[in-house]
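*Asks:* File follows, coords_27.txt with compact mmCIF, C-alpha atoms and all ligand atoms:
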# COMPACT_ATOMS: atom_id res chain seq x y z
CA MET Q 1 0.00 0.00 0.00
CA GLY Q 2 1.26 3.48 -0.82
CA PRO Q 3 1.70 6.25 1.74
CA GLN Q 4 -1.50 7.70 3.25
CA ARG Q 5 -1.25 11.43 2.91
CA LYS Q 6 -4.02 13.58 4.31
CA LYS Q 7 -5.87 15.48 1.59
CA LEU Q 8 -5.36 19.23 1.64
CA ILE Q 9 -7.66 21.90 0.25
CA VAL Q 10 -6.36 25.47 0.39
CA GLY Q 11 -8.56 28.51 -0.30
CA ASN Q 12 -6.49 31.53 -1.33
CA TRP Q 13 -8.72 34.58 -0.94
CA LYS Q 14 -5.99 36.84 -2.37
CA MET Q 15 -6.65 40.59 -1.94
CA ASN Q 16 -10.38 40.14 -1.43
CA LEU Q 17 -12.76 40.67 1.52
CA SER Q 18 -12.41 43.24 4.28
CA VAL Q 19 -11.54 42.05 7.79
CA GLN Q 20 -15.21 42.06 8.72
CA GLU Q 21 -16.26 40.27 5.54
CA ALA Q 22 -13.55 37.69 6.08
CA SER Q 23 -14.80 37.03 9.57
CA LEU Q 24 -18.40 36.65 8.38
CA TYR Q 25 -17.29 34.36 5.57
CA LEU Q 26 -15.31 32.19 7.98
CA HIS Q 27 -18.40 31.95 10.17
CA LYS Q 28 -20.46 30.84 7.17
CA LEU Q 29 -17.89 28.25 6.12
CA SER Q 30 -17.66 26.90 9.65
CA GLU Q 31 -21.36 26.06 9.49
CA MET Q 32 -21.10 24.38 6.10
CA ILE Q 33 -17.87 22.41 6.25
CA PRO Q 34 -17.83 19.52 8.72
CA ILE Q 35 -14.64 18.48 10.53
CA ARG Q 36 -13.24 15.46 8.73
CA ARG Q 37 -10.17 13.62 9.83
CA ASP Q 38 -9.10 12.77 6.30
CA VAL Q 39 -9.24 16.29 4.79
CA GLU Q 40 -7.38 19.35 6.02
CA VAL Q 41 -8.92 22.67 5.02
CA VAL Q 42 -6.69 25.75 4.96
CA LEU Q 43 -7.92 29.31 4.48
CA SER Q 44 -5.68 32.12 3.34
CA PRO Q 45 -7.26 35.53 4.02
CA THR Q 46 -5.72 38.95 3.62
CA LEU Q 47 -2.87 39.51 6.07
CA LEU Q 48 -4.96 42.00 8.05
CA ALA Q 49 -7.59 39.37 8.80
CA LEU Q 50 -5.19 36.63 9.74
CA GLN Q 51 -4.84 37.52 13.41
CA PRO Q 52 -8.55 38.03 14.19
CA LEU Q 53 -9.42 34.90 12.24
CA SER Q 54 -6.82 32.95 14.18
CA LEU Q 55 -8.82 33.71 17.33
CA GLN Q 56 -12.11 32.83 15.65
CA ILE Q 57 -11.33 29.49 14.05
CA ASN Q 58 -11.58 26.03 15.45
CA ARG Q 59 -8.18 24.66 14.43
CA ARG Q 60 -9.57 21.16 14.13
CA GLN Q 61 -11.83 22.49 11.39
CA PHE Q 62 -9.61 25.00 9.62
CA LYS Q 63 -5.99 26.01 9.48
CA LEU Q 64 -4.68 29.39 8.26
CA ALA Q 65 -2.13 30.25 5.61
CA VAL Q 66 -0.37 33.57 5.15
CA GLN Q 67 -0.18 34.79 1.55
CA ASN Q 68 3.12 36.62 1.94
CA PHE Q 69 5.81 37.65 4.44
CA TYR Q 70 9.42 38.85 4.51
CA TRP Q 71 12.07 36.23 5.13
CA ARG Q 72 14.13 37.95 7.81
CA ASP Q 73 12.88 37.43 11.36
CA ASN Q 74 13.10 41.05 12.54
CA GLY Q 75 14.91 44.33 11.93
CA ALA Q 76 14.62 47.63 10.08
CA TYR Q 77 12.29 46.54 7.27
CA THR Q 78 9.53 49.14 7.27
CA GLY Q 79 6.18 47.75 6.25
CA GLU Q 80 7.16 44.10 6.34
CA VAL Q 81 5.87 41.20 8.44
CA SER Q 82 8.08 38.25 9.32
CA ALA Q 83 7.46 34.55 9.69
CA ALA Q 84 8.65 34.90 13.29
CA GLN Q 85 5.80 37.37 13.90
CA LEU Q 86 3.36 34.99 12.20
CA HIS Q 87 4.40 32.01 14.29
CA SER Q 88 1.33 30.55 16.06
CA ILE Q 89 -0.99 32.69 13.88
CA ALA Q 90 -0.36 31.06 10.48
CA ASP Q 91 -0.02 27.30 10.13
CA TYR Q 92 1.00 27.47 6.46
CA ALA Q 93 2.59 30.02 4.12
CA ILE Q 94 2.00 30.26 0.38
CA ILE Q 95 5.42 30.87 -1.18
CA GLY Q 96 6.46 31.40 -4.79
CA HIS Q 97 2.93 32.05 -6.04
CA SER Q 98 3.11 33.20 -9.65
CA GLU Q 99 1.42 36.49 -8.76
CA ARG Q 100 4.35 37.19 -6.41
CA ARG Q 101 6.96 35.93 -8.89
CA TYR Q 102 5.69 37.91 -11.86
CA LYS Q 103 3.75 40.89 -10.48
CA PHE Q 104 6.12 41.60 -7.58
CA HIS Q 105 9.31 40.29 -9.17
CA GLU Q 106 10.19 37.85 -6.43
CA THR Q 107 13.39 36.03 -7.28
CA GLU Q 108 14.37 32.42 -6.76
CA LYS Q 109 16.59 33.63 -3.93
CA ASP Q 110 13.67 35.39 -2.20
CA ILE Q 111 11.60 32.26 -2.53
CA ARG Q 112 14.28 29.95 -1.17
CA ASN Q 113 14.87 32.32 1.78
CA LYS Q 114 11.15 32.40 2.49
CA VAL Q 115 10.86 28.61 2.44
CA GLN Q 116 13.70 28.43 4.95
CA ALA Q 117 12.23 31.22 7.12
CA ALA Q 118 8.85 29.48 7.22
CA VAL Q 119 10.38 26.18 8.30
CA ARG Q 120 12.60 27.94 10.86
CA ASN Q 121 9.44 29.39 12.40
CA ARG Q 122 7.43 26.15 12.25
CA ILE Q 123 5.14 27.40 9.47
CA LYS Q 124 4.56 24.87 6.71
CA PRO Q 125 5.61 26.19 3.30
CA ILE Q 126 3.34 25.63 0.31
CA LEU Q 127 5.87 26.08 -2.47
CA CYS Q 128 4.16 27.02 -5.76
CA ILE Q 129 5.90 26.15 -9.00
CA GLY Q 130 4.80 26.06 -12.61
CA GLU Q 131 5.63 27.08 -16.15
CA THR Q 132 4.48 30.12 -18.12
CA VAL Q 133 2.61 29.76 -21.39
CA SER Q 134 5.74 30.44 -23.43
CA GLU Q 135 7.84 27.98 -21.46
CA ARG Q 136 5.14 25.43 -22.12
CA SER Q 137 5.09 26.19 -25.83
CA TYR Q 138 8.86 25.59 -25.97
CA GLY Q 139 8.42 22.24 -24.25
CA GLU Q 140 10.25 23.43 -21.14
CA THR Q 141 7.62 22.49 -18.56
CA ASN Q 142 9.55 19.65 -16.96
CA ASP Q 143 12.79 21.62 -16.74
CA VAL Q 144 11.06 24.64 -15.22
CA VAL Q 145 9.28 22.53 -12.64
CA ARG Q 146 12.49 20.70 -11.70
CA ASP Q 147 14.56 23.89 -11.54
CA GLN Q 148 12.02 25.82 -9.44
CA LEU Q 149 11.68 22.91 -7.06
CA ALA Q 150 15.42 22.36 -6.60
CA SER Q 151 16.01 26.08 -6.21
CA GLY Q 152 13.13 26.64 -3.76
CA LEU Q 153 14.26 23.75 -1.57
CA ALA Q 154 17.98 24.45 -1.69
CA ASN Q 155 18.16 25.44 2.00
CA LEU Q 156 16.10 22.52 3.34
CA THR Q 157 17.40 19.33 4.89
CA SER Q 158 15.56 16.05 4.58
CA ASP Q 159 14.33 16.48 8.17
CA ASP Q 160 12.55 19.69 7.11
CA LEU Q 161 10.57 17.91 4.41
CA GLU Q 162 7.87 16.70 6.76
CA MET Q 163 6.60 20.30 6.73
CA LEU Q 164 6.65 20.76 2.97
CA VAL Q 165 3.74 21.04 0.53
CA VAL Q 166 4.36 21.61 -3.19
CA ALA Q 167 1.69 23.11 -5.46
CA TYR Q 168 1.90 22.62 -9.20
CA GLU Q 169 0.36 25.77 -10.64
CA PRO Q 170 0.89 26.37 -14.34
CA VAL Q 171 0.98 30.16 -14.61
CA TRP Q 172 -1.28 30.24 -17.66
CA ALA Q 173 -3.99 28.40 -15.71
CA ILE Q 174 -4.22 30.80 -12.75
CA GLY Q 175 -7.26 33.03 -12.71
CA THR Q 176 -7.80 32.50 -16.42
CA GLY Q 177 -10.48 29.81 -16.54
CA ASN Q 178 -7.98 27.88 -18.65
CA ASN Q 179 -7.50 24.88 -16.42
CA ALA Q 180 -4.87 22.27 -17.20
CA ASN Q 181 -5.64 18.88 -18.62
CA PRO Q 182 -5.53 16.27 -15.80
CA ARG Q 183 -3.15 14.16 -17.94
CA ASP Q 184 -0.68 17.06 -18.06
CA VAL Q 185 -1.09 17.52 -14.32
CA ALA Q 186 -0.32 13.82 -13.83
CA ASP Q 187 2.88 14.23 -15.88
CA ALA Q 188 4.00 17.32 -13.96
CA VAL Q 189 3.29 15.67 -10.60
CA LYS Q 190 5.33 12.68 -11.67
CA VAL Q 191 8.23 15.01 -12.50
CA ILE Q 192 7.85 16.76 -9.12
CA ARG Q 193 7.86 13.49 -7.17
CA GLY Q 194 10.78 12.23 -9.24
CA GLU Q 195 12.81 15.35 -8.51
CA LEU Q 196 11.98 15.19 -4.79
CA LYS Q 197 13.19 11.60 -4.75
CA HIS Q 198 16.31 12.54 -6.65
CA LEU Q 199 17.09 15.34 -4.17
CA TYR Q 200 16.20 13.66 -0.90
CA GLY Q 201 15.50 9.97 -1.45
CA ALA Q 202 12.21 8.07 -1.52
CA LYS Q 203 11.70 7.70 2.22
CA ALA Q 204 12.13 11.38 3.09
CA THR Q 205 9.68 12.51 0.43
CA GLU Q 206 6.84 10.05 0.71
CA ASP Q 207 4.88 12.31 3.06
CA VAL Q 208 5.27 15.46 0.96
CA ARG Q 209 1.89 16.52 -0.35
CA VAL Q 210 1.57 17.77 -3.89
CA LEU Q 211 -1.37 19.97 -4.88
CA TYR Q 212 -2.75 21.21 -8.19
CA GLY Q 213 -3.89 24.81 -8.60
CA GLY Q 214 -5.22 26.88 -11.48
CA SER Q 215 -8.86 27.69 -12.27
CA VAL Q 216 -10.22 24.72 -10.32
CA THR Q 217 -14.01 24.76 -9.99
CA PRO Q 218 -16.40 22.48 -8.12
CA SER Q 219 -17.02 20.65 -11.38
CA SER Q 220 -13.36 20.08 -12.27
CA ALA Q 221 -12.07 19.40 -8.72
CA GLY Q 222 -12.87 15.70 -8.80
CA ASP Q 223 -10.85 15.16 -11.99
CA TYR Q 224 -7.70 16.56 -10.38
CA LEU Q 225 -8.25 14.79 -7.08
CA ALA Q 226 -8.39 11.53 -9.04
CA VAL Q 227 -4.92 12.10 -10.51
CA LYS Q 228 -2.34 9.75 -9.02
CA GLY Q 229 0.06 11.64 -6.76
CA VAL Q 230 -2.23 14.69 -6.32
CA ASP Q 231 -3.05 15.18 -2.64
CA GLY Q 232 -5.22 18.25 -2.86
CA LEU Q 233 -5.96 21.58 -4.48
CA LEU Q 234 -5.04 25.23 -4.21
CA ILE Q 235 -8.17 27.20 -5.02
CA GLY Q 236 -8.28 30.92 -5.83
CA GLY Q 237 -11.47 32.36 -7.35
CA ALA Q 238 -13.69 29.41 -6.46
CA SER Q 239 -12.72 29.63 -2.78
CA LEU Q 240 -14.72 32.86 -2.49
CA ASP Q 241 -18.00 31.07 -3.10
CA GLY Q 242 -19.04 29.26 0.08
CA HIS Q 243 -21.18 26.62 -1.57
CA GLY Q 244 -18.65 25.89 -4.29
CA PHE Q 245 -15.77 25.69 -1.83
CA THR Q 246 -17.76 23.40 0.46
CA ASP Q 247 -18.48 21.21 -2.52
CA ILE Q 248 -14.77 21.00 -3.38
CA VAL Q 249 -13.92 19.98 0.20
CA LYS Q 250 -16.62 17.31 0.01
CA LYS Q 251 -15.12 16.02 -3.24
CA ALA Q 252 -11.75 15.62 -1.49
CA HIS Q 253 -13.46 13.53 1.16
CA THR Q 254 -15.32 11.34 -1.33
CA SER Q 255 -12.20 10.95 -3.48
CA ILE Q 256 -10.66 9.15 -0.52
CA ALA Q 257 -13.70 6.93 -0.15
CA VAL Q 258 -13.40 6.04 -3.85
CA THR Q 259 -9.69 5.25 -3.55
CA LYS Q 260 -10.33 2.97 -0.59
CA ALA Q 261 -13.20 1.10 -2.23
P1 LIG U 301 -7.50 30.43 -9.40
O1 LIG U 301 -6.20 30.75 -8.51
O2 LIG U 301 -8.14 29.22 -8.78
O3 LIG U 301 -8.33 31.66 -9.30
O4 LIG U 301 -7.00 30.15 -10.77
C1 LIG U 301 -5.36 29.72 -8.12
C2 LIG U 301 -4.21 30.27 -7.36
O5 LIG U 301 -3.99 31.48 -7.38
O6 LIG U 301 -3.48 29.52 -6.72
Please express what this file holds, its structure, as structure tokens.
*Replies:*
Amino acid sequence: MGPQRKKLIVGNWKMNLSVQEASLYLHKLSEMIPIRRDVEVVLSPTLLALQPLSLQINRRQFKLAVQNFYWRDNGAYTGEVSAAQLHSIADYAIIGHSERRYKFHETEKDIRNKVQAAVRNRIKPILCIGETVSERSYGETNDVVRDQLASGLANLTSDDLEMLVVAYEPVWAIGTGNNANPRDVADAVKVIRGELKHLYGAKATEDVRVLYGGSVTPSSAGDYLAVKGVDGLLIGGASLDGHGFTDIVKKAHTSIAVTKA
């Protein structure tokens, strides 16, 4: 039998909802999404809402992810928030998201420093990797995925890997409605798992969860959850609709029932 990794559904609310709206939305979700031992549900609100929501949530039902932070722990960095300050507020950190790479020009070095800072502060990194449309058209998908993974993890030891989540997010699929073909996702996930094994060995990487993200909807979620090696989903737009998001979480739960049957 293969490793039993807990399914993970992450809702990235991006720069949406005020603090009050976020709190009301969390309340609504808490009434709709039951606690299930086999599915972990992570919500990623705006940074401002993270602290109040951390007091509001039942951590058996939901965990919280920060969308961004600065990698140094403290110092003269006006306007920044560190992983050390987020410790015990955020359980996870989204790192290397394409919106940060391409809209805010985050470099590979920034990303690798952030992964290390998250781990140092006991926050689980969700490292996002994926090719652009032009890289895909040149047939460079596998190389890009391997390079981003190796670079993002360069500061981690095999002991750190128990905290790691990797999200395969083809850039052209994010927020575009252009979701990837599950067969292509299967190929990319195979490359990711192969590279992890190459870097750290099979044993150290068997618990690493790999997610897919990019225009996932309630109707496509099941197709990705059925892909071998995919342990969950990173949801942007569709995470802002309570019913749709609840439906996606339910699909993660039933996908496990199907696998077991
Ligand atoms: P999307 O966003 O679901 O809106 O495409 C995904 C993401 O940003 O990770």
*Asks:* Could you list, as a PDB file with C-alpha atoms, in the coordinates of the input, all protein and nucleic acid residues with an atom at most 8 Å from ligand LIG 301 (chain U), counting only C-alpha atoms and all ligand atoms?
*Replies:*
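Result written to pocket.pdb:
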ATOM      1  CA  ASN Q  12      -6.490  31.530  -1.330  1.00  0.00           C
ATOM      2  CA  LYS Q  14      -5.990  36.840  -2.370  1.00  0.00           C
ATOM      3  CA  HIS Q  97       2.930  32.050  -6.040  1.00  0.00           C
ATOM      4  CA  SER Q  98       3.110  33.200  -9.650  1.00  0.00           C
ATOM      5  CA  GLU Q  99       1.420  36.490  -8.760  1.00  0.00           C
ATOM      6  CA  GLU Q 169       0.360  25.770 -10.640  1.00  0.00           C
ATOM      7  CA  ALA Q 173      -3.990  28.400 -15.710  1.00  0.00           C
ATOM      8  CA  ILE Q 174      -4.220  30.800 -12.750  1.00  0.00           C
ATOM      9  CA  GLY Q 175      -7.260  33.030 -12.710  1.00  0.00           C
ATOM     10  CA  THR Q 176      -7.800  32.500 -16.420  1.00  0.00           C
ATOM     11  CA  GLY Q 177     -10.480  29.810 -16.540  1.00  0.00           C
ATOM     12  CA  ASN Q 179      -7.500  24.880 -16.420  1.00  0.00           C
ATOM     13  CA  GLY Q 213      -3.890  24.810  -8.600  1.00  0.00           C
ATOM     14  CA  GLY Q 214      -5.220  26.880 -11.480  1.00  0.00           C
ATOM     15  CA  SER Q 215      -8.860  27.690 -12.270  1.00  0.00           C
ATOM     16  CA  VAL Q 216     -10.220  24.720 -10.320  1.00  0.00           C
ATOM     17  CA  THR Q 217     -14.010  24.760  -9.990  1.00  0.00           C
ATOM     18  CA  LEU Q 234      -5.040  25.230  -4.210  1.00  0.00           C
ATOM     19  CA  ILE Q 235      -8.170  27.200  -5.020  1.00  0.00           C
ATOM     20  CA  GLY Q 236      -8.280  30.920  -5.830  1.00  0.00           C
ATOM     21  CA  GLY Q 237     -11.470  32.360  -7.350  1.00  0.00           C
ATOM     22  CA  ALA Q 238     -13.690  29.410  -6.460  1.00  0.00           C
ATOM     23  CA  SER Q 239     -12.720  29.630  -2.780  1.00  0.00           C
TER      24      SER Q 239
END
*Asks:* Within 9 Å of Leu26 of chain Q, counting all atoms listed in the file, which residues show up once you throw out same-chain ones fewer than 3 positions away? Write them as number ranges by chain, please.
*Replies:* Q: 21-23, 29-31, 43, 53, 56-57
*Asks:* Put those residues in a file: C-alpha atoms, as a PDB file, in the frame of the given file.
*Replies:*
ATOM      1  CA  GLU Q  21     -16.260  40.270   5.540  1.00  0.00           C
ATOM      2  CA  ALA Q  22     -13.550  37.690   6.080  1.00  0.00           C
ATOM      3  CA  SER Q  23     -14.800  37.030   9.570  1.00  0.00           C
ATOM      4  CA  LEU Q  29     -17.890  28.250   6.120  1.00  0.00           C
ATOM      5  CA  SER Q  30     -17.660  26.900   9.650  1.00  0.00           C
ATOM      6  CA  GLU Q  31     -21.360  26.060   9.490  1.00  0.00           C
ATOM      7  CA  LEU Q  43      -7.920  29.310   4.480  1.00  0.00           C
ATOM      8  CA  LEU Q  53      -9.420  34.900  12.240  1.00  0.00           C
ATOM      9  CA  GLN Q  56     -12.110  32.830  15.650  1.00  0.00           C
ATOM     10  CA  ILE Q  57     -11.330  29.490  14.050  1.00  0.00           C
TER      11      ILE Q  57
END
*Asks:* Pick out the residues sitting within 10 Å of Asp147 of chain Q, and hand them over as a ChimeraX atom specification; count all atoms listed in the file, and ignore anything fewer than 6 positions along from it in its own chain.
*Replies:* /Q:108,129,141,153,195
*Asks:* Need the shell around Gly242 of chain Q: protein/DNA/RNA residues with any atom at most 9 Å away, counting all atoms listed in the file. Skip same-chain ones fewer than 2 positions apart. Format as number ranges by chain?
*Replies:* Q: 25, 28-29, 32, 238-240, 244-247
*Asks:* Quick one: residues within 10 Å of Asp231 of chain Q, only C-alpha atoms counted, chain neighbours fewer than 2 positions away excluded, as a PyMOL selection string?
*Replies:* chain Q and resi 4-9+39+165-167+208-212+224-229+233+252+256
*Asks:* Find, counting only C-alpha atoms, the residue in Q:Gly96, Q:Gly130, Q:Gly11, Q:Gly152 that gets nearest to Val41 of chain Q.
*Replies:* Q:Gly11
*Asks:* Measure the distance from atom CA of Ala150 of chain Q to atom CA of Leu199 of chain Q in Å and round it to one decimal.
*Replies:*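 Answer for the atom CA of Ala150 of chain Q to atom CA of Leu199 of chain Q separation: 7.6 Å.
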*Asks:* For the atom pair atom CA of Glu131 of chain Q and atom CA of Tyr168 of chain Q, what is the interatomic distance in Å to one decimal place?
*Replies:*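 For atom CA of Glu131 of chain Q relative to atom CA of Tyr168 of chain Q, the distance reads 9.1 Å.
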*Asks:* Considering only C-alpha atoms, can you say which of Q:Leu47, Q:Ile95, Q:Ala180, Q:Ile126 comes closest to Val10 of chain Q?
*Replies:* Q:Ile126
*Asks:* Please indicate the distance in Å from atom CA of Leu86 of chain Q to atom CA of Leu17 of chain Q, rounded to one decimal place.
*Replies:*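 Between atom CA of Leu86 of chain Q and atom CA of Leu17 of chain Q the gap is 20.2 Å.
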*Asks:* Point out the residue among Q:Arg72, Q:His105, Q:Arg136, Q:Arg122 with the least atom-to-atom distance to Ala188 of chain Q, counting all atoms listed in the file.
*Replies:* Q:Arg136
*Asks:* So, counting only C-alpha atoms, which residue among Q:Thr205, Q:Asn58, Q:Thr78, Q:Gln67 is closest to Asn16 of chain Q?
*Replies:* Q:Gln67
